[in-house]
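Shown next: final.cif, containing mmCIF, C-alpha atoms and all ligand atoms.
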```cif
data_model
loop_
_atom_site.group_PDB
_atom_site.id
_atom_site.type_symbol
_atom_site.label_atom_id
_atom_site.label_comp_id
_atom_site.auth_asym_id
_atom_site.auth_seq_id
_atom_site.Cartn_x
_atom_site.Cartn_y
_atom_site.Cartn_z
ATOM 1 C CA MET A 1 168.692 -93.250 0.930
ATOM 2 C CA SER A 2 168.510 -92.316 4.620
ATOM 3 C CA ILE A 3 168.917 -89.119 6.656
ATOM 4 C CA HIS A 4 171.347 -88.872 9.572
ATOM 5 C CA THR A 5 172.744 -86.140 11.752
ATOM 6 C CA ILE A 6 175.969 -85.477 13.554
ATOM 7 C CA GLN A 7 176.776 -82.787 16.075
ATOM 8 C CA TYR A 8 179.676 -80.383 15.620
ATOM 9 C CA GLU A 9 179.992 -78.261 18.756
ATOM 10 C CA SER A 10 176.585 -76.555 18.918
ATOM 11 C CA ILE A 11 175.791 -77.098 15.242
ATOM 12 C CA LYS A 12 173.712 -79.997 13.992
ATOM 13 C CA ILE A 13 174.698 -81.205 10.550
ATOM 14 C CA GLU A 14 172.194 -83.280 8.628
ATOM 15 C CA PHE A 15 173.316 -85.515 5.801
ATOM 16 C CA GLU A 16 171.742 -87.776 3.254
ATOM 17 C CA LEU A 17 173.333 -91.204 3.029
ATOM 18 C CA ILE A 18 173.244 -93.148 -0.207
ATOM 19 C CA ARG A 19 174.541 -96.680 -0.197
ATOM 20 C CA LYS A 20 176.143 -97.524 -3.483
ATOM 21 C CA ASP A 21 179.073 -99.115 -5.118
ATOM 22 C CA VAL A 22 181.742 -96.529 -4.351
ATOM 23 C CA LYS A 23 185.236 -97.337 -3.212
ATOM 24 C CA TYR A 24 184.824 -96.093 0.329
ATOM 25 C CA ILE A 25 183.028 -92.832 1.309
ATOM 26 C CA ASN A 26 182.310 -89.750 -0.809
ATOM 27 C CA LEU A 27 181.022 -86.519 0.644
ATOM 28 C CA ARG A 28 179.694 -83.463 -1.164
ATOM 29 C CA VAL A 29 177.563 -80.399 -0.525
ATOM 30 C CA ASN A 30 175.171 -79.821 -3.419
ATOM 31 C CA LYS A 31 174.091 -76.419 -4.735
ATOM 32 C CA HIS A 32 170.905 -76.474 -2.649
ATOM 33 C CA GLY A 33 173.016 -76.715 0.501
ATOM 34 C CA LYS A 34 172.364 -80.377 1.114
ATOM 35 C CA VAL A 35 175.114 -82.642 2.446
ATOM 36 C CA VAL A 36 175.182 -85.881 0.492
ATOM 37 C CA VAL A 37 177.300 -88.855 1.476
ATOM 38 C CA SER A 38 177.659 -91.959 -0.615
ATOM 39 C CA ALA A 39 179.293 -95.003 0.890
ATOM 40 C CA SER A 40 179.861 -98.626 0.146
ATOM 41 C CA LYS A 41 177.516 -101.076 1.884
ATOM 42 C CA LYS A 42 180.484 -102.520 3.736
ATOM 43 C CA VAL A 43 181.234 -99.351 5.702
ATOM 44 C CA PRO A 44 179.411 -99.265 9.070
ATOM 45 C CA LEU A 45 177.294 -96.193 9.900
ATOM 46 C CA SER A 46 179.498 -95.339 12.907
ATOM 47 C CA VAL A 47 182.515 -95.040 10.613
ATOM 48 C CA ILE A 48 180.564 -92.867 8.186
ATOM 49 C CA LYS A 49 179.517 -90.556 11.019
ATOM 50 C CA GLU A 50 183.123 -90.228 12.149
ATOM 51 C CA PHE A 51 184.083 -89.396 8.598
ATOM 52 C CA VAL A 52 181.431 -86.651 8.379
ATOM 53 C CA GLU A 53 182.460 -85.306 11.795
ATOM 54 C CA ALA A 54 186.036 -85.021 10.637
ATOM 55 C CA LYS A 55 184.822 -82.940 7.674
ATOM 56 C CA SER A 56 182.528 -80.711 9.769
ATOM 57 C CA LEU A 57 184.483 -77.529 9.485
ATOM 58 C CA TRP A 58 184.755 -77.859 5.718
ATOM 59 C CA ILE A 59 180.979 -78.559 5.478
ATOM 60 C CA ILE A 60 180.044 -75.547 7.613
ATOM 61 C CA THR A 61 182.287 -73.208 5.646
ATOM 62 C CA HIS A 62 180.842 -74.515 2.424
ATOM 63 C CA LEU A 63 177.218 -74.139 3.584
ATOM 64 C CA ALA A 64 177.910 -70.553 4.642
ATOM 65 C CA GLU A 65 179.289 -69.773 1.196
ATOM 66 C CA ILE A 66 176.252 -71.260 -0.521
ATOM 67 C CA GLU A 67 173.918 -69.238 1.716
ATOM 68 C CA GLN A 68 175.841 -66.068 0.931
ATOM 69 C CA ILE A 69 175.570 -66.667 -2.809
ATOM 70 C CA ARG A 70 171.857 -67.477 -2.470
ATOM 71 C CA GLN A 71 171.217 -64.205 -0.631
ATOM 72 C CA SER A 72 173.096 -62.110 -3.159
ATOM 73 C CA LEU A 73 171.036 -63.388 -6.099
ATOM 74 C CA PRO A 74 168.128 -61.211 -7.210
ATOM 75 C CA PRO A 75 164.732 -62.568 -6.100
ATOM 76 C CA THR A 76 163.530 -63.593 -9.554
ATOM 77 C CA GLY A 77 160.866 -66.096 -8.510
ATOM 78 C CA PHE A 78 157.143 -65.399 -8.719
ATOM 79 C CA HIS A 79 155.611 -66.799 -5.602
ATOM 80 C CA ASP A 80 153.172 -66.134 -2.794
ATOM 81 C CA GLY A 81 154.405 -63.306 -0.559
ATOM 82 C CA LYS A 82 156.725 -61.808 -3.170
ATOM 83 C CA THR A 83 157.092 -58.014 -3.030
ATOM 84 C CA LEU A 84 155.819 -56.321 -6.185
ATOM 85 C CA TYR A 85 155.880 -52.624 -7.023
ATOM 86 C CA TYR A 86 152.999 -50.771 -8.586
ATOM 87 C CA LEU A 87 153.039 -46.982 -9.067
ATOM 88 C CA GLY A 88 155.680 -46.634 -6.404
ATOM 89 C CA GLU A 89 153.952 -48.690 -3.717
ATOM 90 C CA ALA A 90 155.121 -52.070 -2.447
ATOM 91 C CA TYR A 91 152.531 -54.838 -2.487
ATOM 92 C CA SER A 92 152.648 -58.417 -1.316
ATOM 93 C CA LEU A 93 151.565 -61.005 -3.870
ATOM 94 C CA VAL A 94 148.740 -63.323 -2.823
ATOM 95 C CA LEU A 95 148.251 -66.239 -5.225
ATOM 96 C CA LEU A 96 144.876 -67.946 -5.399
ATOM 97 C CA LYS A 97 143.564 -70.795 -7.535
ATOM 98 C CA GLY A 98 140.623 -69.688 -9.652
ATOM 99 C CA PRO A 99 139.446 -67.788 -12.693
ATOM 100 C CA LYS A 100 141.968 -65.311 -14.147
ATOM 101 C CA LYS A 101 141.764 -62.058 -12.207
ATOM 102 C CA ILE A 102 144.061 -59.537 -10.543
ATOM 103 C CA ILE A 103 142.970 -56.897 -8.046
ATOM 104 C CA LEU A 104 144.726 -54.508 -5.701
ATOM 105 C CA HIS A 105 143.473 -54.766 -2.164
ATOM 106 C CA GLU A 106 145.080 -52.719 0.601
ATOM 107 C CA ASN A 107 148.748 -53.772 0.591
ATOM 108 C CA SER A 108 148.200 -56.890 -1.470
ATOM 109 C CA ILE A 109 147.955 -57.828 -5.094
ATOM 110 C CA LEU A 110 145.399 -60.628 -5.182
ATOM 111 C CA MET A 111 146.004 -62.771 -8.218
ATOM 112 C CA SER A 112 143.740 -65.639 -9.025
ATOM 113 C CA SER A 113 144.813 -67.887 -11.864
ATOM 114 C CA GLN A 114 144.601 -71.372 -13.295
ATOM 115 C CA SER A 115 148.254 -71.302 -14.226
ATOM 116 C CA THR A 116 150.491 -73.730 -12.378
ATOM 117 C CA THR A 117 153.928 -72.569 -13.513
ATOM 118 C CA GLU A 118 155.917 -69.519 -12.411
ATOM 119 C CA GLN A 119 156.423 -68.606 -16.049
ATOM 120 C CA GLY A 120 152.689 -68.767 -16.781
ATOM 121 C CA LEU A 121 151.872 -66.656 -13.738
ATOM 122 C CA LYS A 122 154.523 -64.095 -14.651
ATOM 123 C CA GLU A 123 153.149 -63.763 -18.174
ATOM 124 C CA GLU A 124 149.615 -63.240 -16.896
ATOM 125 C CA TYR A 125 150.871 -60.653 -14.454
ATOM 126 C CA LEU A 126 152.857 -58.783 -17.123
ATOM 127 C CA ALA A 127 149.811 -58.757 -19.411
ATOM 128 C CA TRP A 128 147.771 -57.193 -16.617
ATOM 129 C CA LEU A 129 150.542 -54.652 -15.926
ATOM 130 C CA LYS A 130 150.547 -53.678 -19.592
ATOM 131 C CA LYS A 131 146.802 -53.020 -19.521
ATOM 132 C CA GLN A 132 147.184 -50.760 -16.485
ATOM 133 C CA ALA A 133 150.208 -49.044 -18.038
ATOM 134 C CA THR A 134 148.308 -48.290 -21.259
ATOM 135 C CA VAL A 135 145.760 -46.236 -19.326
ATOM 136 C CA LYS A 136 148.193 -44.681 -16.852
ATOM 137 C CA PHE A 137 150.824 -43.627 -19.406
ATOM 138 C CA GLU A 138 148.168 -41.871 -21.531
ATOM 139 C CA GLU A 139 146.921 -40.056 -18.429
ATOM 140 C CA ILE A 140 150.451 -38.881 -17.678
ATOM 141 C CA MET A 141 150.975 -37.825 -21.307
ATOM 142 C CA THR A 142 147.806 -35.710 -21.085
ATOM 143 C CA ARG A 143 149.262 -34.007 -18.016
ATOM 144 C CA ILE A 144 152.807 -33.473 -19.362
ATOM 145 C CA TYR A 145 152.176 -32.742 -23.042
ATOM 146 C CA PRO A 146 150.905 -29.156 -22.475
ATOM 147 C CA LEU A 147 154.403 -28.299 -21.147
ATOM 148 C CA VAL A 148 155.969 -28.958 -24.536
ATOM 149 C CA ALA A 149 153.117 -27.882 -26.814
ATOM 150 C CA PRO A 150 154.576 -24.297 -26.993
ATOM 151 C CA TYR A 151 157.737 -25.828 -28.554
ATOM 152 C CA GLY A 152 155.669 -26.851 -31.574
ATOM 153 C CA ILE A 153 155.782 -30.549 -30.673
ATOM 154 C CA LEU A 154 152.779 -32.643 -31.702
ATOM 155 C CA ARG A 155 151.361 -35.116 -29.209
ATOM 156 C CA PRO A 156 152.873 -38.510 -30.041
ATOM 157 C CA SER A 157 151.351 -41.948 -29.631
ATOM 158 C CA ILE A 158 152.736 -44.291 -26.971
ATOM 159 C CA GLN A 159 154.111 -47.791 -27.480
ATOM 160 C CA ILE A 160 154.780 -49.974 -24.477
ATOM 161 C CA ARG A 161 157.548 -52.565 -24.439
ATOM 162 C CA ASN A 162 158.968 -54.668 -21.664
ATOM 163 C CA MET A 163 162.644 -53.741 -21.850
ATOM 164 C CA LYS A 164 165.741 -54.638 -19.871
ATOM 165 C CA THR A 165 167.757 -51.424 -20.006
ATOM 166 C CA LEU A 166 166.008 -48.449 -21.624
ATOM 167 C CA TRP A 167 163.279 -46.515 -19.828
ATOM 168 C CA GLY A 168 162.113 -44.852 -22.981
ATOM 169 C CA SER A 169 162.986 -43.842 -26.517
ATOM 170 C CA CYS A 170 161.418 -41.785 -29.237
ATOM 171 C CA THR A 171 160.962 -42.360 -32.948
ATOM 172 C CA THR A 172 160.587 -39.175 -34.937
ATOM 173 C CA GLY A 173 159.482 -40.981 -38.097
ATOM 174 C CA GLY A 174 156.308 -42.543 -36.726
ATOM 175 C CA HIS A 175 155.942 -39.753 -34.179
ATOM 176 C CA SER A 176 155.660 -42.032 -31.177
ATOM 177 C CA ILE A 177 157.500 -42.623 -27.946
ATOM 178 C CA ARG A 178 158.302 -46.031 -26.588
ATOM 179 C CA LEU A 179 158.029 -46.507 -22.847
ATOM 180 C CA ASN A 180 159.309 -49.414 -20.796
ATOM 181 C CA LEU A 181 156.516 -51.417 -19.181
ATOM 182 C CA GLN A 182 158.712 -51.585 -16.058
ATOM 183 C CA LEU A 183 158.008 -47.873 -15.504
ATOM 184 C CA ILE A 184 154.550 -48.702 -14.149
ATOM 185 C CA LYS A 185 156.327 -49.925 -10.998
ATOM 186 C CA ALA A 186 157.651 -46.429 -10.265
ATOM 187 C CA THR A 187 155.852 -43.363 -8.901
ATOM 188 C CA GLU A 188 153.965 -41.094 -11.307
ATOM 189 C CA ASN A 189 156.647 -38.486 -10.558
ATOM 190 C CA CYS A 190 159.277 -40.752 -12.053
ATOM 191 C CA ILE A 191 157.144 -41.662 -15.078
ATOM 192 C CA GLU A 192 156.467 -37.964 -15.765
ATOM 193 C CA GLN A 193 160.199 -37.334 -15.924
ATOM 194 C CA VAL A 194 160.708 -40.035 -18.573
ATOM 195 C CA VAL A 195 157.734 -38.823 -20.634
ATOM 196 C CA LEU A 196 158.964 -35.232 -20.596
ATOM 197 C CA HIS A 197 162.494 -36.340 -21.476
ATOM 198 C CA GLU A 198 161.279 -38.262 -24.530
ATOM 199 C CA LEU A 199 158.929 -35.463 -25.605
ATOM 200 C CA LEU A 200 161.787 -32.966 -25.613
ATOM 201 C CA HIS A 201 163.736 -35.201 -27.980
ATOM 202 C CA PHE A 202 161.246 -34.225 -30.717
ATOM 203 C CA ARG A 203 162.710 -30.734 -30.436
ATOM 204 C CA TYR A 204 166.295 -31.508 -29.336
ATOM 205 C CA LYS A 205 167.684 -34.741 -30.749
ATOM 206 C CA ASN A 206 170.761 -34.968 -28.534
ATOM 207 C CA HIS A 207 171.498 -34.472 -24.866
ATOM 208 C CA GLY A 208 173.082 -31.068 -25.470
ATOM 209 C CA ASN A 209 172.843 -27.934 -23.341
ATOM 210 C CA ASP A 210 169.626 -26.830 -25.066
ATOM 211 C CA PHE A 211 168.017 -30.111 -24.150
ATOM 212 C CA TYR A 212 168.971 -29.900 -20.469
ATOM 213 C CA ASP A 213 168.109 -26.196 -20.248
ATOM 214 C CA ALA A 214 164.569 -26.947 -21.418
ATOM 215 C CA LEU A 215 164.246 -29.987 -19.164
ATOM 216 C CA GLY A 216 165.469 -28.032 -16.142
ATOM 217 C CA ARG A 217 163.123 -25.156 -16.886
ATOM 218 C CA LEU A 218 160.051 -27.356 -17.284
ATOM 219 C CA MET A 219 160.858 -29.776 -14.455
ATOM 220 C CA PRO A 220 163.422 -28.354 -12.021
ATOM 221 C CA ASP A 221 163.562 -31.557 -9.945
ATOM 222 C CA TRP A 222 164.007 -33.916 -12.899
ATOM 223 C CA LYS A 223 167.289 -35.268 -11.540
ATOM 224 C CA GLU A 224 165.836 -36.395 -8.212
ATOM 225 C CA ARG A 225 162.996 -38.063 -10.070
ATOM 226 C CA LYS A 226 165.461 -39.828 -12.347
ATOM 227 C CA ASN A 227 167.647 -41.013 -9.469
ATOM 228 C CA ALA A 228 164.652 -42.454 -7.625
ATOM 229 C CA LEU A 229 163.779 -44.389 -10.740
ATOM 230 C CA GLU A 230 167.252 -45.878 -11.056
ATOM 231 C CA SER A 231 167.573 -46.957 -7.448
ATOM 232 C CA LYS A 232 164.134 -48.281 -6.476
ATOM 233 C CA TYR A 233 161.150 -50.284 -7.678
ATOM 234 C CA ARG A 234 162.947 -53.297 -9.067
ATOM 235 C CA ASP A 235 161.032 -56.470 -8.321
ATOM 236 C CA TYR A 236 162.525 -58.662 -11.055
ATOM 237 C CA VAL A 237 159.257 -59.517 -12.779
HETATM 238 ZN ZN ZN B 1 167.417 -39.021 -24.024
#
```

Go ahead and express the file in the form of structure tokens.
Amino acid sequence: MSIHTIQYESIKIEFELIRKDVKYINLRVNKHGKVVVSASKKVPLSVIKEFVEAKSLWIITHLAEIEQIRQSLPPTGFHDGKTLYYLGEAYSLVLLKGPKKIILHENSILMSSQSTTEQGLKEEYLAWLKKQATVKFEEIMTRIYPLVAPYGILRPSIQIRNMKTLWGSCTTGGHSIRLNLQLIKATENCIEQVVLHELLHFRYKNHGNDFYDALGRLMPDWKERKNALESKYRDYV
């Protein structure tokens, strides 16, 4: 394998050349945006370069498409410098090798870990988030519960789950509400809205007029809080 370049107008195109037993010359752009050429040993390099030059326009178009797809994908990786949300603030992840520990420092989340895989790091991070959420969600419940106490609703317990679609749900049987771990990424304003919404379901099962009347009375700006939650704070962890 060897690396070569050709020039197409002002653009330099780099390609990887693999000599192998193919009929003549094959050219492809792989999914990482690398140009790979395989050619028979008999074909001189000058001929291969001419071949690549002739395909330049096709290569450039193809690379642009790959870049566009890459940019439209959600940033799911867990890596140094990644933007993470915590209680509505954006932090930059700083990964360090060392004993398991996570601290917030200014605009950074400093995470020291022994884990070497993205998956392992993510799991450690989610476990830490859950610990923070356990404390924070109870605090918010303490603040919001008095609003619904006059409706004869008992204070429920809180379960935390990492969920893909639901922000919260309530179970009348066990008298608990289930909150999405992902909520801890949003502002306390947004979390309050979800907690109040679920609490009111103990009185009004469905999203009827009575439900929305009560919600609007107790939290007039609930809709703005809900919209903020839907549109921000996604960091794909
Ligand atoms: Zn609901």

**OP:** Output the neighbourhood of ligand ZN 1 (chain B) as an NGL selection string, that is, all protein and nucleic acid residues with some atom at most 9 Å from the ligand, counting only C-alpha atoms and all ligand atoms.
**Re:** :A and (168-170 or 194 or 197-198 or 200-201 or 205-207 or 211)

With C-alpha atoms retained, could you export that selection as an mmCIF file, in the coordinates of the input?
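Saved as selection-v5.cif:
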```cif
data_model
loop_
_atom_site.group_PDB
_atom_site.id
_atom_site.type_symbol
_atom_site.label_atom_id
_atom_site.label_comp_id
_atom_site.auth_asym_id
_atom_site.auth_seq_id
_atom_site.Cartn_x
_atom_site.Cartn_y
_atom_site.Cartn_z
ATOM 1 C CA GLY A 168 162.113 -44.852 -22.981
ATOM 2 C CA SER A 169 162.986 -43.842 -26.517
ATOM 3 C CA CYS A 170 161.418 -41.785 -29.237
ATOM 4 C CA VAL A 194 160.708 -40.035 -18.573
ATOM 5 C CA HIS A 197 162.494 -36.340 -21.476
ATOM 6 C CA GLU A 198 161.279 -38.262 -24.530
ATOM 7 C CA LEU A 200 161.787 -32.966 -25.613
ATOM 8 C CA HIS A 201 163.736 -35.201 -27.980
ATOM 9 C CA LYS A 205 167.684 -34.741 -30.749
ATOM 10 C CA ASN A 206 170.761 -34.968 -28.534
ATOM 11 C CA HIS A 207 171.498 -34.472 -24.866
ATOM 12 C CA PHE A 211 168.017 -30.111 -24.150
#
```

Subject >> Which of A:Ile158, A:Leu166, A:Leu129, A:Leu215 sits closest to Val237 of chain A [using all atoms listed in the file] >> reply: A:Leu129

**OP:** Can you pull out every residue within 12 Å of Asn26 of chain A, counting all atoms listed in the file, but drop anything in the same chain fewer than 3 positions away, and send it as a list in words?
**Re:**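 So the residues in contact are Phe15, Glu16, Leu17, Ile18, Arg19, Lys20, Asp21, Val22, Lys23, Val29, Val35, Val36, Val37, Ser38, Ala39, Ser40, Val43, Ile48, Phe51, Val52 and Lys55 of chain A.
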
Original post:
Which residues match the PyMOL selection byres (((chain A and resi 153) around 12) and not hetatm) in the file above, as a PyMOL selection string?
Top reply: chain A and resi 145-152+154-156+172+175-176+196+198-204

Original post:
Contacts of Ile60 of chain A at 10 Å or less, counting all atoms listed in the file, minus same-chain residues fewer than 6 places along, as a PyMOL selection string?
Top reply: chain A and resi 8+11+13+29+66

Original post:
So how many Å separate atom CA of Leu121 of chain A and atom CA of His79 of chain A, to one decimal?
Top reply: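 Atom-to-atom, atom CA of Leu121 of chain A and atom CA of His79 of chain A are spaced 9.0 Å apart.
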
Subject >> Residue nearest Lys226 of chain A - candidates A:Thr134, A:Ser112, A:Gln193, A:Asn209, atoms counted: all atoms listed in the file >> reply: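 Ranking A:Thr134, A:Ser112, A:Gln193, A:Asn209 by distance to Lys226 of chain A, first place goes to A:Gln193.
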
**OP:** Could you check which of A:Glu138, A:Leu96, A:Ile3, A:Ala127 is closest to Ser113 of chain A, using only C-alpha atoms?
**Re:** A:Leu96

Rebuild segment 149-166 of chain A so that it carries N, CA and C atoms, then output the result as an mmCIF file, keeping the file's coordinate frame.
```
data_model
loop_
_atom_site.group_PDB
_atom_site.id
_atom_site.type_symbol
_atom_site.label_atom_id
_atom_site.label_comp_id
_atom_site.auth_asym_id
_atom_site.auth_seq_id
_atom_site.Cartn_x
_atom_site.Cartn_y
_atom_site.Cartn_z
ATOM 1 N N ALA A 149 153.901 -28.340 -25.657
ATOM 2 C CA ALA A 149 153.117 -27.882 -26.814
ATOM 3 C C ALA A 149 153.653 -26.548 -27.362
ATOM 4 N N PRO A 150 154.056 -25.572 -26.483
ATOM 5 C CA PRO A 150 154.576 -24.297 -26.993
ATOM 6 C C PRO A 150 155.851 -24.450 -27.839
ATOM 7 N N TYR A 151 156.536 -25.609 -27.751
ATOM 8 C CA TYR A 151 157.737 -25.828 -28.554
ATOM 9 C C TYR A 151 157.382 -26.333 -29.958
ATOM 10 N N GLY A 152 156.095 -26.390 -30.253
ATOM 11 C CA GLY A 152 155.669 -26.851 -31.574
ATOM 12 C C GLY A 152 155.736 -28.361 -31.745
ATOM 13 N N ILE A 153 155.729 -29.075 -30.616
ATOM 14 C CA ILE A 153 155.782 -30.549 -30.673
ATOM 15 C C ILE A 153 154.354 -31.087 -30.718
ATOM 16 N N LEU A 154 154.098 -32.014 -31.635
ATOM 17 C CA LEU A 154 152.779 -32.643 -31.702
ATOM 18 C C LEU A 154 152.707 -33.776 -30.687
ATOM 19 N N ARG A 155 151.497 -34.030 -30.187
ATOM 20 C CA ARG A 155 151.361 -35.116 -29.209
ATOM 21 C C ARG A 155 151.601 -36.466 -29.899
ATOM 22 N N PRO A 156 152.578 -37.224 -29.392
ATOM 23 C CA PRO A 156 152.873 -38.510 -30.041
ATOM 24 C C PRO A 156 152.007 -39.642 -29.487
ATOM 25 N N SER A 157 151.999 -40.757 -30.184
ATOM 26 C CA SER A 157 151.351 -41.948 -29.631
ATOM 27 C C SER A 157 152.368 -42.670 -28.739
ATOM 28 N N ILE A 158 151.862 -43.583 -27.918
ATOM 29 C CA ILE A 158 152.736 -44.291 -26.971
ATOM 30 C C ILE A 158 152.753 -45.774 -27.310
ATOM 31 N N GLN A 159 153.962 -46.336 -27.370
ATOM 32 C CA GLN A 159 154.111 -47.791 -27.480
ATOM 33 C C GLN A 159 154.712 -48.285 -26.178
ATOM 34 N N ILE A 160 154.246 -49.431 -25.726
ATOM 35 C CA ILE A 160 154.780 -49.974 -24.477
ATOM 36 C C ILE A 160 155.514 -51.276 -24.763
ATOM 37 N N ARG A 161 156.738 -51.358 -24.273
ATOM 38 C CA ARG A 161 157.548 -52.565 -24.439
ATOM 39 C C ARG A 161 158.143 -52.939 -23.102
ATOM 40 N N ASN A 162 158.257 -54.233 -22.861
ATOM 41 C CA ASN A 162 158.968 -54.668 -21.664
ATOM 42 C C ASN A 162 160.445 -54.745 -22.020
ATOM 43 N N MET A 163 161.241 -53.829 -21.454
ATOM 44 C CA MET A 163 162.644 -53.741 -21.850
ATOM 45 C C MET A 163 163.569 -53.913 -20.652
ATOM 46 N N LYS A 164 164.781 -54.373 -20.947
ATOM 47 C CA LYS A 164 165.741 -54.638 -19.871
ATOM 48 C C LYS A 164 166.481 -53.366 -19.439
ATOM 49 N N THR A 165 166.866 -52.515 -20.381
ATOM 50 C CA THR A 165 167.757 -51.424 -20.006
ATOM 51 C C THR A 165 167.184 -50.024 -20.223
ATOM 52 N N LEU A 166 166.484 -49.803 -21.317
ATOM 53 C CA LEU A 166 166.008 -48.449 -21.624
ATOM 54 C C LEU A 166 164.695 -48.136 -20.919
#
```
